[in-house]
>>> print(open('my_file_37.cif').read())   # mmCIF, C-alpha atoms and all ligand atoms
data_coords
loop_
_atom_site.label_atom_id
_atom_site.label_comp_id
_atom_site.auth_asym_id
_atom_site.auth_seq_id
_atom_site.Cartn_x
_atom_site.Cartn_y
_atom_site.Cartn_z
CA MET A 1 11.22 288.42 122.74
CA LYS A 2 10.13 285.52 120.59
CA GLN A 3 10.14 283.37 123.72
CA ILE A 4 7.93 285.83 125.54
CA VAL A 5 5.46 286.03 122.68
CA ARG A 6 5.35 282.26 122.48
CA GLY A 7 4.77 282.12 126.22
CA ILE A 8 1.86 284.50 125.95
CA VAL A 9 0.35 282.55 123.09
CA LEU A 10 0.68 279.32 125.02
CA LEU A 11 -0.86 280.92 128.06
CA ALA A 12 -3.76 282.15 125.97
CA ILE A 13 -4.36 278.72 124.54
CA MET A 14 -3.99 277.15 127.96
CA CYS A 15 -6.80 279.39 129.19
CA MET A 16 -8.99 278.14 126.42
CA MET A 17 -8.60 274.45 126.93
CA PHE A 18 -11.66 272.60 127.95
CA SER A 19 -13.80 275.49 127.06
CA SER A 20 -12.91 278.91 128.08
CA VAL A 21 -11.91 282.17 126.57
CA ALA A 22 -8.48 283.63 126.98
CA PHE A 23 -8.12 285.90 129.97
CA ALA A 24 -11.82 285.73 130.64
CA GLU A 25 -11.24 285.24 134.33
CA GLY A 26 -10.73 289.01 134.50
CA ASN A 27 -14.43 289.56 133.89
CA THR A 28 -15.64 287.88 136.98
CA LYS A 29 -15.46 288.79 140.59
CA PRO A 30 -15.67 286.10 143.20
CA GLY A 31 -18.78 286.56 145.23
CA GLY A 32 -20.99 287.97 142.54
CA PRO A 33 -22.26 286.79 139.21
CA SER A 34 -20.99 288.55 136.14
CA THR A 35 -24.06 289.39 134.18
CA ASN A 36 -22.38 291.44 131.44
CA GLY A 37 -25.73 292.94 130.60
CA ASN A 38 -27.25 290.29 128.42
CA ASP A 39 -27.00 286.90 129.99
CA THR A 40 -29.67 285.35 132.06
CA ILE A 41 -28.11 283.38 134.81
CA SER A 42 -30.99 284.27 137.07
CA SER A 43 -33.02 281.78 135.04
CA ILE A 44 -30.36 279.09 135.36
CA MET A 45 -30.40 276.48 138.08
CA THR A 46 -28.59 277.41 141.27
CA TYR A 47 -26.82 275.02 143.60
CA GLU A 48 -29.75 275.11 146.05
CA GLU A 49 -32.27 274.49 143.30
CA MET A 50 -30.24 271.55 142.07
CA VAL A 51 -30.18 269.98 145.53
CA GLU A 52 -33.91 270.52 145.95
CA GLN A 53 -34.64 268.99 142.53
CA LEU A 54 -32.41 266.00 143.14
CA TYR A 55 -34.31 265.06 146.28
CA ALA A 56 -37.65 265.71 144.58
CA LEU A 57 -36.65 263.37 141.75
CA GLU A 58 -35.48 260.73 144.19
CA LYS A 59 -38.79 260.90 146.00
CA ARG A 60 -40.98 260.48 142.97
CA SER A 61 -38.73 258.10 141.07
CA LYS A 62 -40.01 254.64 140.30
CA ALA A 63 -36.54 253.49 139.36
CA GLU A 64 -33.53 252.89 141.55
CA PHE A 65 -32.56 256.46 142.22
CA GLU A 66 -30.40 257.36 145.15
CA VAL A 67 -29.16 260.84 145.99
CA THR A 68 -26.13 261.17 148.25
CA THR A 69 -23.49 263.69 149.12
CA LEU A 70 -19.82 262.88 149.05
CA ASP A 71 -19.47 264.29 152.58
CA ASP A 72 -17.85 261.06 153.78
CA TYR A 73 -14.96 261.94 151.47
CA GLY A 74 -15.05 265.66 152.27
CA LYS A 75 -16.63 268.91 151.13
CA SER A 76 -15.71 271.74 148.78
CA GLU A 77 -13.19 274.40 149.76
CA GLN A 78 -16.04 276.61 150.95
CA GLY A 79 -17.78 273.77 152.76
CA ASN A 80 -20.46 272.88 150.21
CA SER A 81 -21.49 269.27 149.70
CA ILE A 82 -20.88 267.62 146.35
CA TYR A 83 -23.91 265.63 145.23
CA VAL A 84 -24.23 262.38 143.32
CA ALA A 85 -27.27 260.62 141.93
CA LYS A 86 -26.84 256.88 141.48
CA VAL A 87 -29.42 255.55 139.05
CA GLY A 88 -30.19 252.14 137.56
CA HIS A 89 -29.15 248.60 138.36
CA GLY A 90 -27.13 247.47 135.36
CA ASP A 91 -23.68 245.90 135.33
CA THR A 92 -22.04 248.65 133.29
CA LYS A 93 -21.07 251.67 135.36
CA VAL A 94 -21.15 255.04 133.63
CA TRP A 95 -19.82 258.22 135.22
CA VAL A 96 -21.40 261.53 134.18
CA GLN A 97 -20.03 264.81 135.49
CA ALA A 98 -21.06 268.39 134.84
CA GLN A 99 -19.97 271.89 135.79
CA ILE A 100 -16.42 271.22 136.90
CA HIS A 101 -16.15 274.75 135.53
CA GLY A 102 -18.53 276.84 137.59
CA ASP A 103 -19.67 279.15 134.82
CA GLU A 104 -20.63 276.34 132.43
CA LYS A 105 -24.10 276.05 133.76
CA LEU A 106 -26.23 274.52 131.05
CA THR A 107 -24.31 271.29 131.57
CA THR A 108 -26.03 270.91 134.94
CA GLU A 109 -29.38 271.68 133.34
CA ALA A 110 -28.82 268.94 130.77
CA VAL A 111 -27.86 266.40 133.40
CA MET A 112 -30.90 267.28 135.50
CA GLN A 113 -33.11 266.77 132.44
CA LEU A 114 -31.55 263.37 131.95
CA LEU A 115 -32.19 262.48 135.59
CA LYS A 116 -35.76 263.66 135.23
CA THR A 117 -36.25 261.34 132.26
CA LEU A 118 -34.72 258.43 134.15
CA ALA A 119 -36.84 259.13 137.22
CA SER A 120 -40.16 259.48 135.48
CA SER A 121 -40.27 257.60 132.27
CA GLY A 122 -41.25 253.96 131.96
CA GLY A 123 -40.60 253.87 128.22
CA PRO A 124 -38.66 250.88 126.85
CA ASP A 125 -35.67 253.01 125.85
CA VAL A 126 -35.29 254.31 129.38
CA GLN A 127 -35.86 250.85 130.82
CA THR A 128 -32.93 249.59 128.76
CA LEU A 129 -30.71 252.27 130.32
CA LEU A 130 -31.84 251.36 133.84
CA ASP A 131 -31.43 247.61 133.22
CA GLU A 132 -28.04 247.73 131.55
CA LEU A 133 -26.35 250.66 133.30
CA THR A 134 -25.69 252.03 136.73
CA LEU A 135 -25.14 255.76 136.42
CA TYR A 136 -23.05 257.85 138.80
CA VAL A 137 -24.08 261.39 138.03
CA ILE A 138 -22.38 264.46 139.50
CA PRO A 139 -24.49 267.38 138.29
CA MET A 140 -22.24 270.05 139.82
CA TYR A 141 -18.61 269.11 140.45
CA ASN A 142 -17.68 272.68 141.42
CA PRO A 143 -20.41 274.13 143.65
CA ASP A 144 -18.24 277.01 144.92
CA GLY A 145 -17.36 278.11 141.40
CA SER A 146 -20.98 277.78 140.37
CA ILE A 147 -22.10 280.00 143.23
CA MET A 148 -19.36 282.55 142.40
CA ASN A 149 -20.01 282.13 138.65
CA THR A 150 -16.32 281.54 138.00
CA ARG A 151 -14.65 278.84 135.93
CA GLY A 152 -12.34 277.73 138.71
CA THR A 153 -12.52 277.94 142.45
CA LEU A 154 -10.60 279.40 145.38
CA LEU A 155 -8.39 277.50 147.79
CA MET A 156 -9.39 278.52 151.30
CA ASP A 157 -7.36 278.67 154.50
CA GLU A 158 -8.51 277.41 157.89
CA ASN A 159 -10.21 280.76 158.59
CA GLY A 160 -12.37 280.44 155.50
CA GLU A 161 -10.43 283.11 153.61
CA PRO A 162 -8.79 282.58 150.22
CA VAL A 163 -5.16 281.55 150.70
CA SER A 164 -3.06 284.55 149.88
CA ASP A 165 -1.15 283.32 146.83
CA ASP A 166 -2.50 281.31 143.96
CA ALA A 167 -5.89 280.90 145.57
CA TYR A 168 -7.57 280.57 142.19
CA ILE A 169 -7.48 277.07 140.75
CA ASP A 170 -8.88 275.24 137.72
CA LEU A 171 -10.30 271.95 138.96
CA ASN A 172 -9.85 270.35 135.56
CA ARG A 173 -6.06 270.43 135.95
CA GLY A 174 -5.87 268.88 139.39
CA TRP A 175 -5.70 265.14 138.76
CA THR A 176 -1.94 264.72 138.69
CA LEU A 177 0.43 263.18 141.21
CA ASP A 178 1.56 266.61 142.38
CA GLY A 179 -1.89 268.17 141.88
CA PHE A 180 -4.86 267.60 144.14
CA LYS A 181 -4.66 270.97 145.81
CA ALA A 182 -8.41 271.53 146.10
CA ASN A 183 -10.73 269.50 148.31
CA GLU A 184 -13.05 268.96 145.35
CA SER A 185 -10.33 267.10 143.46
CA LYS A 186 -9.48 264.86 146.42
CA VAL A 187 -13.13 264.12 147.15
CA VAL A 188 -14.19 263.26 143.62
CA TYR A 189 -11.02 261.33 142.87
CA ALA A 190 -11.45 259.14 145.96
CA TYR A 191 -15.06 258.49 144.96
CA TRP A 192 -14.03 257.61 141.40
CA ALA A 193 -11.42 255.18 142.74
CA ASP A 194 -14.16 253.50 144.78
CA VAL A 195 -16.75 253.40 141.99
CA LYS A 196 -14.37 252.21 139.25
CA PRO A 197 -16.63 253.15 136.35
CA ASP A 198 -16.50 251.51 132.93
CA PHE A 199 -17.10 254.70 130.94
CA ALA A 200 -17.17 258.43 131.67
CA VAL A 201 -18.38 261.63 130.10
CA ASP A 202 -17.56 265.20 131.16
CA LEU A 203 -19.67 268.21 130.18
CA HIS A 204 -18.35 271.70 129.33
CA HIS A 205 -19.08 274.93 127.50
CA GLN A 206 -16.79 276.68 125.04
CA GLY A 207 -16.52 280.08 123.43
CA PHE A 208 -17.59 281.04 119.94
CA LYS A 209 -16.17 279.11 117.01
CA THR A 210 -17.29 278.16 113.52
CA VAL A 211 -17.46 274.80 111.81
CA TYR A 212 -14.49 274.39 109.46
CA GLY A 213 -15.23 275.42 105.91
CA THR A 214 -18.45 277.19 106.85
CA ASN A 215 -19.47 280.41 108.53
CA GLU A 216 -21.84 278.58 110.83
CA ALA A 217 -21.36 278.82 114.56
CA THR A 218 -20.52 275.53 116.21
CA SER A 219 -23.28 274.55 118.62
CA PHE A 220 -21.54 271.48 120.00
CA SER A 221 -18.03 270.07 119.92
CA LEU A 222 -17.04 266.48 120.60
CA GLY A 223 -13.74 265.98 122.36
CA ILE A 224 -11.28 263.40 123.61
CA SER A 225 -8.82 264.96 126.05
CA LEU A 226 -6.01 262.62 125.09
CA ALA A 227 -5.97 263.15 121.35
CA PRO A 228 -7.16 260.24 119.22
CA ASP A 229 -4.16 258.68 117.45
CA GLY A 230 -2.07 261.22 119.37
CA PRO A 231 0.95 260.92 121.62
CA THR A 232 -0.76 259.21 124.59
CA LEU A 233 -4.01 257.43 123.84
CA PRO A 234 -2.89 254.66 121.46
CA SER A 235 -0.61 253.19 124.12
CA LEU A 236 -3.37 252.81 126.74
CA GLU A 237 -5.05 249.41 127.20
CA ASN A 238 -3.46 248.08 124.01
CA GLY A 239 -5.18 250.68 121.88
CA TYR A 240 -8.67 249.92 123.14
CA TYR A 241 -9.31 253.46 124.48
CA ASN A 242 -8.08 254.98 121.24
CA LYS A 243 -10.66 252.87 119.44
CA VAL A 244 -13.63 253.03 121.79
CA THR A 245 -13.51 256.80 122.44
CA LYS A 246 -13.68 257.43 118.69
CA GLN A 247 -16.56 254.97 118.47
CA MET A 248 -18.39 256.72 121.31
CA GLN A 249 -18.07 260.12 119.65
CA GLY A 250 -18.92 258.70 116.23
CA TYR A 251 -22.09 257.26 117.71
CA VAL A 252 -23.03 260.55 119.37
CA TYR A 253 -22.31 262.41 116.14
CA ASP A 254 -24.67 260.22 114.13
CA SER A 255 -27.35 260.49 116.78
CA LEU A 256 -27.18 264.29 116.90
CA THR A 257 -26.95 265.03 113.21
CA LYS A 258 -30.45 263.62 112.87
CA TYR A 259 -31.61 266.85 114.51
CA GLY A 260 -31.40 269.68 112.04
CA TYR A 261 -30.42 272.47 114.38
CA THR A 262 -27.09 271.14 115.63
CA ARG A 263 -23.75 272.26 114.19
CA ILE A 264 -21.23 269.74 115.40
CA ASP A 265 -17.49 269.49 115.05
CA GLN A 266 -14.42 268.11 116.82
CA TYR A 267 -13.05 269.98 119.80
CA GLN A 268 -9.86 271.83 118.90
CA VAL A 269 -8.04 274.84 120.30
CA GLY A 270 -5.94 277.67 118.93
CA GLY A 271 -8.42 278.41 116.17
CA GLY A 272 -8.34 274.80 115.02
CA LYS A 273 -4.55 274.46 114.98
CA TYR A 274 -4.37 271.95 117.79
CA TYR A 275 -5.93 268.92 119.39
CA ILE A 276 -5.45 268.79 123.12
CA ASP A 277 -3.45 266.10 124.86
CA ILE A 278 -3.87 267.14 128.48
CA ARG A 279 -2.79 264.48 130.93
CA GLY A 280 -3.80 266.42 134.07
CA GLY A 281 -7.45 266.78 133.08
CA VAL A 282 -9.87 264.69 135.10
CA VAL A 283 -11.09 262.46 132.30
CA SER A 284 -7.54 262.04 130.98
CA ALA A 285 -6.33 260.91 134.38
CA MET A 286 -9.20 258.41 134.42
CA MET A 287 -7.99 256.94 131.14
CA MET A 288 -4.40 256.84 132.39
CA GLY A 289 -5.41 255.04 135.58
CA LEU A 290 -3.85 257.58 137.92
CA ASN A 291 -2.96 256.15 141.32
CA TYR A 292 -2.89 259.09 143.75
CA ASN A 293 -2.27 258.49 147.44
CA ASN A 294 -2.46 254.77 146.70
CA LEU A 295 -6.24 255.02 146.38
CA ASN A 296 -6.11 253.21 143.04
CA PRO A 297 -3.45 250.55 143.60
CA ASP A 298 -4.80 248.27 140.88
CA GLY A 299 -4.59 251.06 138.36
CA HIS A 300 -8.25 251.09 137.42
CA SER A 301 -8.89 253.15 134.30
CA ASN A 302 -11.82 253.80 131.99
CA PRO A 303 -12.39 255.40 128.58
CA ALA A 304 -13.83 258.92 128.73
CA ILE A 305 -15.00 261.63 126.36
CA PHE A 306 -16.24 265.18 126.75
CA PHE A 307 -18.83 267.48 125.20
CA GLU A 308 -18.57 271.23 124.70
CA THR A 309 -21.70 273.32 124.37
CA LYS A 310 -21.66 276.80 122.90
CA GLY A 311 -21.47 279.72 125.33
CA ASN A 312 -20.95 280.22 129.03
CA THR A 313 -22.19 282.68 131.60
CA ARG A 314 -18.80 284.34 131.97
CA GLU A 315 -18.93 285.64 128.43
CA GLY A 316 -22.49 286.75 128.66
CA SER A 317 -23.12 284.69 125.55
CA LEU A 318 -26.01 282.67 126.90
CA GLY A 319 -29.40 284.06 126.16
CA GLN A 320 -32.75 282.81 127.24
CA LYS A 321 -33.69 282.02 123.66
CA SER A 322 -30.74 279.79 122.95
CA ASN A 323 -30.53 278.14 126.36
CA GLY A 324 -33.37 275.79 125.55
CA TYR A 325 -31.86 274.28 122.44
CA LEU A 326 -28.33 274.29 123.83
CA THR A 327 -29.50 272.31 126.83
CA LYS A 328 -31.53 270.01 124.64
CA GLN A 329 -28.66 269.05 122.35
CA ASN A 330 -26.55 268.32 125.41
CA TYR A 331 -29.31 266.17 126.85
CA LEU A 332 -29.80 264.37 123.55
CA ALA A 333 -26.07 263.74 123.21
CA LEU A 334 -25.90 262.33 126.72
CA LYS A 335 -28.90 260.12 126.21
CA ALA A 336 -27.53 258.91 122.88
CA LEU A 337 -24.19 258.03 124.42
CA LEU A 338 -25.85 256.09 127.24
CA THR A 339 -28.07 254.27 124.76
CA GLY A 340 -25.08 253.36 122.62
CA ILE A 341 -23.28 251.97 125.65
CA ALA A 342 -26.33 250.15 127.00
CA THR A 343 -27.14 248.49 123.68
CA GLU A 344 -23.44 248.00 122.89
CA GLU A 345 -24.07 249.69 119.55
CA VAL A 346 -21.07 251.96 120.14
CA HIS A 347 -18.82 248.97 119.53
CA GLU A 348 -20.26 248.54 116.05
CA VAL A 349 -19.22 252.02 114.92
CA ASP A 350 -16.23 252.27 112.59
CA PRO A 351 -13.59 254.05 114.70
CA ASP A 352 -12.50 256.02 111.65
CA HIS A 353 -15.96 257.57 111.58
CA TRP A 354 -14.41 260.02 114.07
CA TYR A 355 -12.65 261.58 111.10
CA ASP A 356 -15.98 262.27 109.39
CA ILE A 357 -16.74 264.80 112.13
CA PRO A 358 -15.83 268.26 110.80
CA ALA A 359 -12.48 269.59 112.01
CA TYR A 360 -9.83 272.12 111.06
CA PRO A 361 -6.65 270.70 109.53
CA ALA A 362 -4.59 270.67 112.73
CA GLU A 363 -0.84 270.99 112.89
CA GLY A 364 -0.14 269.85 116.43
CA TYR A 365 -1.12 268.60 119.83
CA PHE A 366 -1.40 271.08 122.65
CA THR A 367 -0.04 269.28 125.71
CA ASP A 368 0.41 270.04 129.40
CA TYR A 369 3.69 268.13 129.55
CA ALA A 370 5.71 269.03 126.42
CA GLY A 371 4.29 272.22 124.94
CA ILE A 372 3.17 271.74 121.36
CA LEU A 373 3.96 268.45 119.66
CA PRO A 374 3.71 268.19 115.87
CA ILE A 375 1.29 265.82 114.19
CA ASN A 376 3.37 263.37 112.21
ZN ZN A 401 -15.09 273.63 130.94
#
>>> encode(input="my_file_37.cif", output="structure tokens", more="lines below")
Ligand SMILES: [Zn+2]
Amino acid sequence: MKQIVRGIVLLAIMCMMFSSVAFAEGNTKPGGPSTNGNDTISSIMTYEEMVEQLYALEKRSKAEFEVTTLDDYGKSEQGNSIYVAKVGHGDTKVWVQAQIHGDEKLTTEAVMQLLKTLASSGGPDVQTLLDELTLYVIPMYNPDGSIMNTRGTLLMDENGEPVSDDAYIDLNRGWTLDGFKANESKVVYAYWADVKPDFAVDLHHQGFKTVYGTNEATSFSLGISLAPDGPTLPSLENGYYNKVTKQMQGYVYDSLTKYGYTRIDQYQVGGGKYYIDIRGGVVSAMMMGLNYNNLNPDGHSNPAIFFETKGNTREGSLGQKSNGYLTKQNYLALKALLTGIATEEVHEVDPDHWYDIPAYPAEGYFTDYAGILPIN
């Protein structure tokens, strides 16, 4: 009995990782958006609108701004193209991905705002980004899920029907040697192995939580998917990733706290009991230098962090009023991170500043390879 209860608890937490709510998948039907009465996804950018906007931005951009599909690598399970905008001409390559979870839609909005700034601007701050960085931006990793308004996606058979068993899949668990079931994972992985970025950031939404020690709702959580000072990260690249990811988040934290309306904390799960240490997540696999199908024989790897914005369209917790500021903080966080990388100011941050970001006193690491591990 105890075992069963523990299994259920683990399953519940598993559902929450990287922004979700336990058992929430039950609310959504493939093929139709779940509106739950009070959300406003009709006002949120669709796949088609994103494609249209990308090409419009490319057309009017004064900067290097190139929109491509990843069709040479393949398409989504339902045959949709995955789009990338490559922007800038700098030596440092930064990977930005949004909406790997198809109901986390404001992440795409934020990325499109960033692209708009990069395409139009002309200001010195934007020029620095374009001169120092080359950005590889995937505004919608999971087009099928976005269209269905579901977190994951469906594996399809050759007749274009969902495969009978286990058709539903979470794309943020697929980057493992025995993973890569969905086309999206194979396509984006192969592209990543070709690009070999220097840094990456992954954008998500999460359910309701409060900042530790307060009754204020968290508007934004900062996460590292292999826990800082945890079981995995310190051993990678002689500790460099353990240092630089904390510096990146410390830099973003300082940049965002300037704005009064944000309520920022560290990303934790299980009501604050755990940090995640999830090796099969996309940005974790990047840090671990995963070599799948011998596409990454040199073991390229790069440091990566993620952001979690409040709310998602599955829960019906996005409202028109809050969408604006939620998108804006995401945009500001992204722009701050890119600025910190471009100016190299991130490397001046004290890595221990990570621990100044509010967090619950955690008791363990939630892993996808060994259950819960205690924090020593
Ligand atoms: Zn997510």
>>> residues_near_ligand(input="my_file_37.cif", ligand="ligand ZN 401 (chain A)", cutoff="12 Å", atoms="only C-alpha atoms and all ligand atoms", output="VMD selection string")
chain A and resid 15 to 21 97 to 108 140 to 142 145 to 146 150 to 152 170 to 173 202 to 207 221 223 225 267 281 to 283 306 to 314
>>> closest_residue(input="my_file_37.cif", among="A:Leu57, A:Leu326, A:Met148, A:Leu177", to="Gly280 (chain A)", atoms="only C-alpha atoms")
A:Leu177
>>> atom_distance(input="my_file_37.cif", atom1="CA of Pro162 (chain A)", atom2="CA of Ser81 (chain A)")
18.4 Å
>>> closest_residue(input="my_file_37.cif", among="A:Thr128, A:Gln78, A:Gly289, A:Leu226", to="Leu155 (chain A)", atoms="only C-alpha atoms")
A:Gln78
>>> closest_residue(input="my_file_37.cif", among="A:Leu129, A:Leu290, A:Val111, A:Val87", to="Ala190 (chain A)", atoms="only C-alpha atoms")
A:Leu290
